[in-house]
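Student: As input, take run_32.cif (mmCIF, C-alpha atoms):
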```
data_input
#
loop_
_atom_site.label_atom_id
_atom_site.label_comp_id
_atom_site.auth_asym_id
_atom_site.auth_seq_id
_atom_site.Cartn_x
_atom_site.Cartn_y
_atom_site.Cartn_z
CA MET A 1 -55.87 -100.77 -124.91
CA ARG A 2 -55.41 -104.02 -123.10
CA VAL A 3 -52.47 -106.19 -124.04
CA LEU A 4 -51.09 -109.50 -122.91
CA ILE A 5 -47.38 -109.73 -123.68
CA TRP A 6 -45.92 -113.22 -123.90
CA HIS A 7 -42.30 -114.13 -124.56
CA VAL A 8 -42.60 -117.16 -126.81
CA ASP A 9 -40.33 -119.80 -128.26
CA ARG A 10 -42.90 -120.33 -131.01
CA PHE A 11 -46.14 -118.78 -132.26
CA VAL A 12 -48.15 -120.11 -135.17
CA CYS A 13 -51.47 -118.55 -136.19
CA THR A 14 -53.55 -120.31 -138.83
CA ILE A 15 -56.65 -118.51 -140.13
CA THR A 16 -59.66 -120.83 -140.01
CA GLU A 17 -62.75 -118.76 -140.87
CA ARG A 18 -64.19 -115.28 -141.08
CA GLY A 19 -64.97 -113.68 -137.72
CA ARG A 20 -67.94 -111.57 -136.66
CA SER A 21 -66.35 -108.20 -137.43
CA PRO A 22 -67.84 -106.11 -140.25
CA ILE A 23 -64.24 -105.42 -141.32
CA VAL A 24 -62.06 -108.32 -142.38
CA GLU A 25 -58.51 -107.73 -143.61
CA ASP A 26 -57.12 -109.55 -146.62
CA TYR A 27 -54.15 -111.84 -146.23
CA THR A 28 -51.71 -113.51 -148.59
CA ASP A 29 -50.79 -116.46 -146.40
CA PRO A 30 -53.22 -118.01 -143.89
CA VAL A 31 -50.31 -119.01 -141.63
CA THR A 32 -48.13 -116.68 -139.57
CA SER A 33 -45.22 -118.47 -137.92
CA VAL A 34 -42.40 -117.03 -135.81
CA SER A 35 -39.88 -118.21 -133.27
CA GLU A 36 -38.26 -116.34 -130.37
CA ALA A 37 -40.61 -113.38 -130.23
CA LEU A 38 -42.84 -111.22 -128.11
CA LEU A 39 -46.48 -112.02 -128.78
CA LEU A 40 -48.89 -109.16 -128.16
CA LEU A 41 -52.53 -110.17 -127.70
CA VAL A 42 -54.17 -106.78 -128.26
CA SER A 43 -57.66 -105.51 -127.52
CA VAL A 44 -58.31 -101.87 -128.47
CA GLU A 45 -61.05 -100.33 -126.35
CA LYS A 46 -63.77 -97.72 -126.81
CA GLY A 47 -61.89 -95.24 -124.62
CA ASP A 48 -58.89 -95.44 -126.96
CA GLU A 49 -60.90 -93.79 -129.74
CA ALA A 50 -60.35 -90.34 -128.18
CA HIS A 51 -56.52 -90.57 -128.40
CA PRO A 52 -55.50 -93.51 -130.63
CA ASP A 53 -52.09 -92.04 -131.52
CA SER A 54 -51.21 -91.47 -127.87
CA VAL A 55 -52.28 -95.02 -126.96
CA ALA A 56 -50.14 -96.46 -129.74
CA ARG A 57 -47.13 -94.30 -128.82
CA LYS A 58 -47.29 -95.32 -125.15
CA ALA A 59 -47.68 -98.97 -126.10
CA VAL A 60 -44.67 -98.81 -128.42
CA GLU A 61 -42.45 -97.29 -125.72
CA GLU A 62 -43.38 -99.93 -123.18
CA ILE A 63 -43.17 -102.88 -125.59
CA ALA A 64 -39.90 -101.73 -127.18
CA ALA A 65 -38.33 -101.37 -123.72
CA HIS A 66 -39.51 -104.86 -122.75
CA ALA A 67 -38.17 -106.32 -126.02
CA GLN A 68 -34.81 -104.68 -125.39
CA GLN A 69 -34.73 -106.00 -121.83
CA LEU A 70 -35.36 -109.55 -123.10
CA LYS A 71 -33.11 -109.10 -126.16
CA VAL A 72 -35.98 -110.01 -128.49
CA SER A 73 -36.05 -108.54 -132.00
CA THR A 74 -39.39 -109.89 -133.32
CA VAL A 75 -42.83 -108.79 -132.13
CA VAL A 76 -46.19 -110.14 -133.29
CA VAL A 77 -49.21 -107.86 -132.95
CA HIS A 78 -52.26 -110.13 -132.81
CA PRO A 79 -55.84 -108.83 -132.51
CA PHE A 80 -57.48 -110.43 -129.49
CA ALA A 81 -60.91 -109.09 -128.61
CA HIS A 82 -61.24 -111.42 -125.64
CA LEU A 83 -59.77 -109.28 -122.86
CA PHE A 84 -63.13 -108.16 -121.43
CA GLY A 85 -63.05 -104.46 -122.24
CA GLU A 86 -65.58 -102.45 -124.21
CA LEU A 87 -64.23 -102.81 -127.73
CA SER A 88 -63.45 -99.91 -130.04
CA ARG A 89 -64.79 -99.71 -133.55
CA PRO A 90 -62.87 -102.08 -135.86
CA ARG A 91 -61.33 -99.21 -137.84
CA THR A 92 -59.87 -97.74 -134.66
CA ALA A 93 -58.50 -101.11 -133.60
CA ILE A 94 -56.79 -101.54 -136.96
CA GLN A 95 -55.44 -97.96 -136.83
CA VAL A 96 -53.94 -98.48 -133.36
CA MET A 97 -52.44 -101.90 -134.18
CA ASP A 98 -50.94 -100.55 -137.42
CA ALA A 99 -49.44 -97.63 -135.50
CA VAL A 100 -48.00 -99.97 -132.86
CA ALA A 101 -46.41 -102.18 -135.53
CA ALA A 102 -45.00 -99.14 -137.36
CA GLY A 103 -43.65 -97.67 -134.12
CA LEU A 104 -41.95 -100.94 -133.21
CA ARG A 105 -40.35 -101.05 -136.67
CA ALA A 106 -39.10 -97.48 -136.09
CA HIS A 107 -37.37 -98.85 -132.96
CA GLY A 108 -35.52 -101.37 -135.15
CA LEU A 109 -37.73 -104.35 -134.32
CA THR A 110 -39.29 -106.77 -136.76
CA ALA A 111 -43.03 -106.28 -136.27
CA ILE A 112 -45.60 -108.64 -137.76
CA ARG A 113 -49.32 -107.99 -137.53
CA THR A 114 -51.77 -110.83 -138.04
CA PRO A 115 -54.93 -110.02 -140.04
CA PHE A 116 -57.95 -108.53 -138.28
CA GLY A 117 -61.40 -110.08 -138.41
CA TRP A 118 -60.65 -113.79 -138.51
CA PHE A 119 -61.02 -116.78 -136.24
CA ASN A 120 -57.78 -118.69 -136.03
CA GLU A 121 -56.02 -121.65 -134.56
CA LEU A 122 -53.10 -120.73 -132.33
CA ASP A 123 -50.07 -122.84 -131.49
CA ILE A 124 -48.07 -121.14 -128.73
CA LYS A 125 -45.02 -122.35 -126.85
CA ALA A 126 -44.41 -119.74 -124.17
CA LYS A 127 -41.31 -119.35 -122.04
CA GLY A 128 -41.53 -119.70 -118.27
CA HIS A 129 -39.28 -117.01 -116.79
CA PRO A 130 -40.55 -114.21 -114.50
CA LEU A 131 -40.89 -111.64 -117.33
CA SER A 132 -42.40 -114.03 -119.88
CA ARG A 133 -46.01 -112.96 -119.30
CA LEU A 134 -47.19 -109.41 -118.66
CA ALA A 135 -50.61 -107.78 -118.78
CA ARG A 136 -50.99 -104.05 -119.39
CA VAL A 137 -53.76 -101.51 -119.75
CA ILE A 138 -52.52 -98.54 -121.76
CA THR A 139 -54.58 -95.37 -122.06
CA GLY A 140 -54.15 -92.18 -124.05
CA GLU A 141 -54.40 -89.93 -120.99
#
```
As structure tokens, how would this structure be written, given the file I've shared?

Tutor:
Amino acid sequence: MRVLIWHVDRFVCTITERGRSPIVEDYTDPVTSVSEALLLLVSVEKGDEAHPDSVARKAVEEIAAHAQQLKVSTVVVHPFAHLFGELSRPRTAIQVMDAVAAGLRAHGLTAIRTPFGWFNELDIKAKGHPLSRLARVITGE
């Protein structure tokens, strides 16, 4: 799994149209809006299919520790297939992102996951401190 982690003042995601994925998740509100959060731009990769639970568990530990360090209580898990890896099957991506969100909730964080399979408009106001932007590759090994 590849993930960009941004500490944001604001994140707004507005669904605009169906994406290319054969799986598209339903949503109740086309707009997701949060303030003071960690934004996770997540790309689940083909290699993650062998150990999806391990990948999710490792991601949760790292992200929860970072959230605690920054004193952030809200995390947004946003599918982002643009991180140049070989993508997993959509079902695996959804499984891993759901597990990450559930694991973060188990750590006492508010975790929001934006719907999979959509193009969207993003409005991001990111912070500018040294820990405000991280990139990670997390594997199940």

Student: The PyMOL selection byres ((chain A and resi 72) around 10) on the file shown: which residues, as a PyMOL selection string?

Tutor: chain A and resi 7-8+36-38+64+66-71+73-75+109-110

Student: Could you write those residues out with C-alpha atoms, as an mmCIF file, keeping the file's coordinate frame?

Tutor:
```cif
data_model
loop_
_atom_site.group_PDB
_atom_site.id
_atom_site.type_symbol
_atom_site.label_atom_id
_atom_site.label_comp_id
_atom_site.auth_asym_id
_atom_site.auth_seq_id
_atom_site.Cartn_x
_atom_site.Cartn_y
_atom_site.Cartn_z
ATOM 1 C CA HIS A 7 -42.300 -114.130 -124.560
ATOM 2 C CA VAL A 8 -42.600 -117.160 -126.810
ATOM 3 C CA GLU A 36 -38.260 -116.340 -130.370
ATOM 4 C CA ALA A 37 -40.610 -113.380 -130.230
ATOM 5 C CA LEU A 38 -42.840 -111.220 -128.110
ATOM 6 C CA ALA A 64 -39.900 -101.730 -127.180
ATOM 7 C CA HIS A 66 -39.510 -104.860 -122.750
ATOM 8 C CA ALA A 67 -38.170 -106.320 -126.020
ATOM 9 C CA GLN A 68 -34.810 -104.680 -125.390
ATOM 10 C CA GLN A 69 -34.730 -106.000 -121.830
ATOM 11 C CA LEU A 70 -35.360 -109.550 -123.100
ATOM 12 C CA LYS A 71 -33.110 -109.100 -126.160
ATOM 13 C CA SER A 73 -36.050 -108.540 -132.000
ATOM 14 C CA THR A 74 -39.390 -109.890 -133.320
ATOM 15 C CA VAL A 75 -42.830 -108.790 -132.130
ATOM 16 C CA LEU A 109 -37.730 -104.350 -134.320
ATOM 17 C CA THR A 110 -39.290 -106.770 -136.760
#
```

Student: Please determine, counting all atoms listed in the file, which residue among A:Asp53, A:Phe119, A:Leu131, A:Glu86 has the shortest atom-to-atom distance to Asp98 in chain A.

Tutor: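 Going through A:Asp53, A:Phe119, A:Leu131, A:Glu86 one by one, the smallest distance to Asp98 in chain A is for A:Asp53.
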
Student: Give as a PyMOL selection string the residues that the PyMOL selection byres ((chain A and resi 79) around 7) matches when applied to the coordinates above.

Tutor: chain A and resi 41-43+77-78+80-81+116

Student: Would you mind exporting the chosen residues as an mmCIF file, in the frame of the given file, restricted to C-alpha atoms?

Tutor:
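Written out: selection12.cif:
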```
data_model
loop_
_atom_site.group_PDB
_atom_site.id
_atom_site.type_symbol
_atom_site.label_atom_id
_atom_site.label_comp_id
_atom_site.auth_asym_id
_atom_site.auth_seq_id
_atom_site.Cartn_x
_atom_site.Cartn_y
_atom_site.Cartn_z
ATOM 1 C CA LEU A 41 -52.530 -110.170 -127.700
ATOM 2 C CA VAL A 42 -54.170 -106.780 -128.260
ATOM 3 C CA SER A 43 -57.660 -105.510 -127.520
ATOM 4 C CA VAL A 77 -49.210 -107.860 -132.950
ATOM 5 C CA HIS A 78 -52.260 -110.130 -132.810
ATOM 6 C CA PHE A 80 -57.480 -110.430 -129.490
ATOM 7 C CA ALA A 81 -60.910 -109.090 -128.610
ATOM 8 C CA PHE A 116 -57.950 -108.530 -138.280
#
```

Student: Which residues fall under the PyMOL selection byres ((chain A and resi 141) around 10) in this file, as JSON, numbers by chain?

Tutor: {"A": [47, 48, 50, 51, 54, 55, 58, 138, 139, 140]}

Student: For the atom pair CA of Pro22 in chain A and CA of Gly103 in chain A, what is the interatomic distance in Å to one decimal place?

Tutor: 26.3 Å

Student: Can you tell me which residues surround Val100 in chain A at a distance of at most 10 Å, considering all atoms listed in the file, apart from same-chain residues fewer than 4 positions away, and format the answer as a PyMOL selection string?

Tutor: chain A and resi 53+55-61+63+77+94-96+104-106+111+113

Student: Which value, in Å to one decimal, gives the distance between CA of Ala126 in chain A and CA of Ala65 in chain A?

Tutor: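 So the answer is 19.4 Å.
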
Student: Please identify all polymer residues within 7 Å of Asp123 in chain A, counting only C-alpha atoms, omitting same-chain residues fewer than 5 positions from it, and present them as a count of residues only.

Tutor: 3

Student: With only C-alpha atoms as the atoms that count, which of A:Ala93, A:Thr14, A:Arg133, A:Leu122 lies nearest to Tyr27 in chain A?

Tutor: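 Of A:Ala93, A:Thr14, A:Arg133, A:Leu122, the one nearest Tyr27 in chain A, counting only C-alpha atoms, is A:Thr14.
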
Student: Which value, in Å to one decimal, gives the distance between CA of Leu83 in chain A and CA of Arg2 in chain A?

Tutor: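 Computing it gives 6.8 Å between the two atoms.
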
Student: Check the smallest atom-to-atom distance from each of A:Thr28, A:Ser35, A:Asn120, A:Ser21 to Asp9 in chain A using all atoms listed in the file, then report the winner.

Tutor: A:Ser35

Student: List as a PyMOL selection string: which residues have an atom within 9 Å of (-60.4, -99.5, -134.7), counting all atoms listed in the file?

Tutor: chain A and resi 44-46+48-49+52+87-97

Student: Show which residues sit within 9 Å of Ile15 in chain A, as a ChimeraX atom specification. Count all atoms listed in the file, and ignore same-chain residues fewer than 6 positions away.

Tutor: /A:29-32,115,118-122

Student: Please produce an output containing C-alpha atoms for each residue in the selection, written as a JSON list (two decimals), in the frame of the given file.

Tutor:
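Saved result, out.json, follows:
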```
[["chain", "number", "residue", "atom", "x", "y", "z"],
["A", 29, "ASP", "CA", -50.79, -116.46, -146.40],
["A", 30, "PRO", "CA", -53.22, -118.01, -143.89],
["A", 31, "VAL", "CA", -50.31, -119.01, -141.63],
["A", 32, "THR", "CA", -48.13, -116.68, -139.57],
["A", 115, "PRO", "CA", -54.93, -110.02, -140.04],
["A", 118, "TRP", "CA", -60.65, -113.79, -138.51],
["A", 119, "PHE", "CA", -61.02, -116.78, -136.24],
["A", 120, "ASN", "CA", -57.78, -118.69, -136.03],
["A", 121, "GLU", "CA", -56.02, -121.65, -134.56],
["A", 122, "LEU", "CA", -53.10, -120.73, -132.33]]
```

Student: Determine the axis-aligned bounding box of all atoms of range 33-40 of chain A present in the file, pad each side by 3 Å, and express its centre and edge lengths in Å to one decimal place as AutoDock Vina command-line options.

Tutor:
```
--center_x -43.6 --center_y -113.8 --center_z -133.0 --size_x 16.6 --size_y 15.3 --size_z 15.8
```

Student: Of the residues A:Val34, A:Ile23, A:Val137, A:Arg18, which is the one nearest to Gly85 in chain A, using only C-alpha atoms?

Tutor: A:Val137

Student: Identify which of the residues A:Ile124, A:Val76, A:Ala135, A:Leu39 lies closest to Val3 in chain A, counting all atoms listed in the file when measuring atom-to-atom distances.

Tutor: A:Ala135

Student: Would you please work out which residue, of A:Arg136, A:His129, A:Arg10, A:His82, is nearest to Glu62 in chain A when using only C-alpha atoms?

Tutor: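 For Glu62 in chain A, the nearest of the given residues is A:Arg136.
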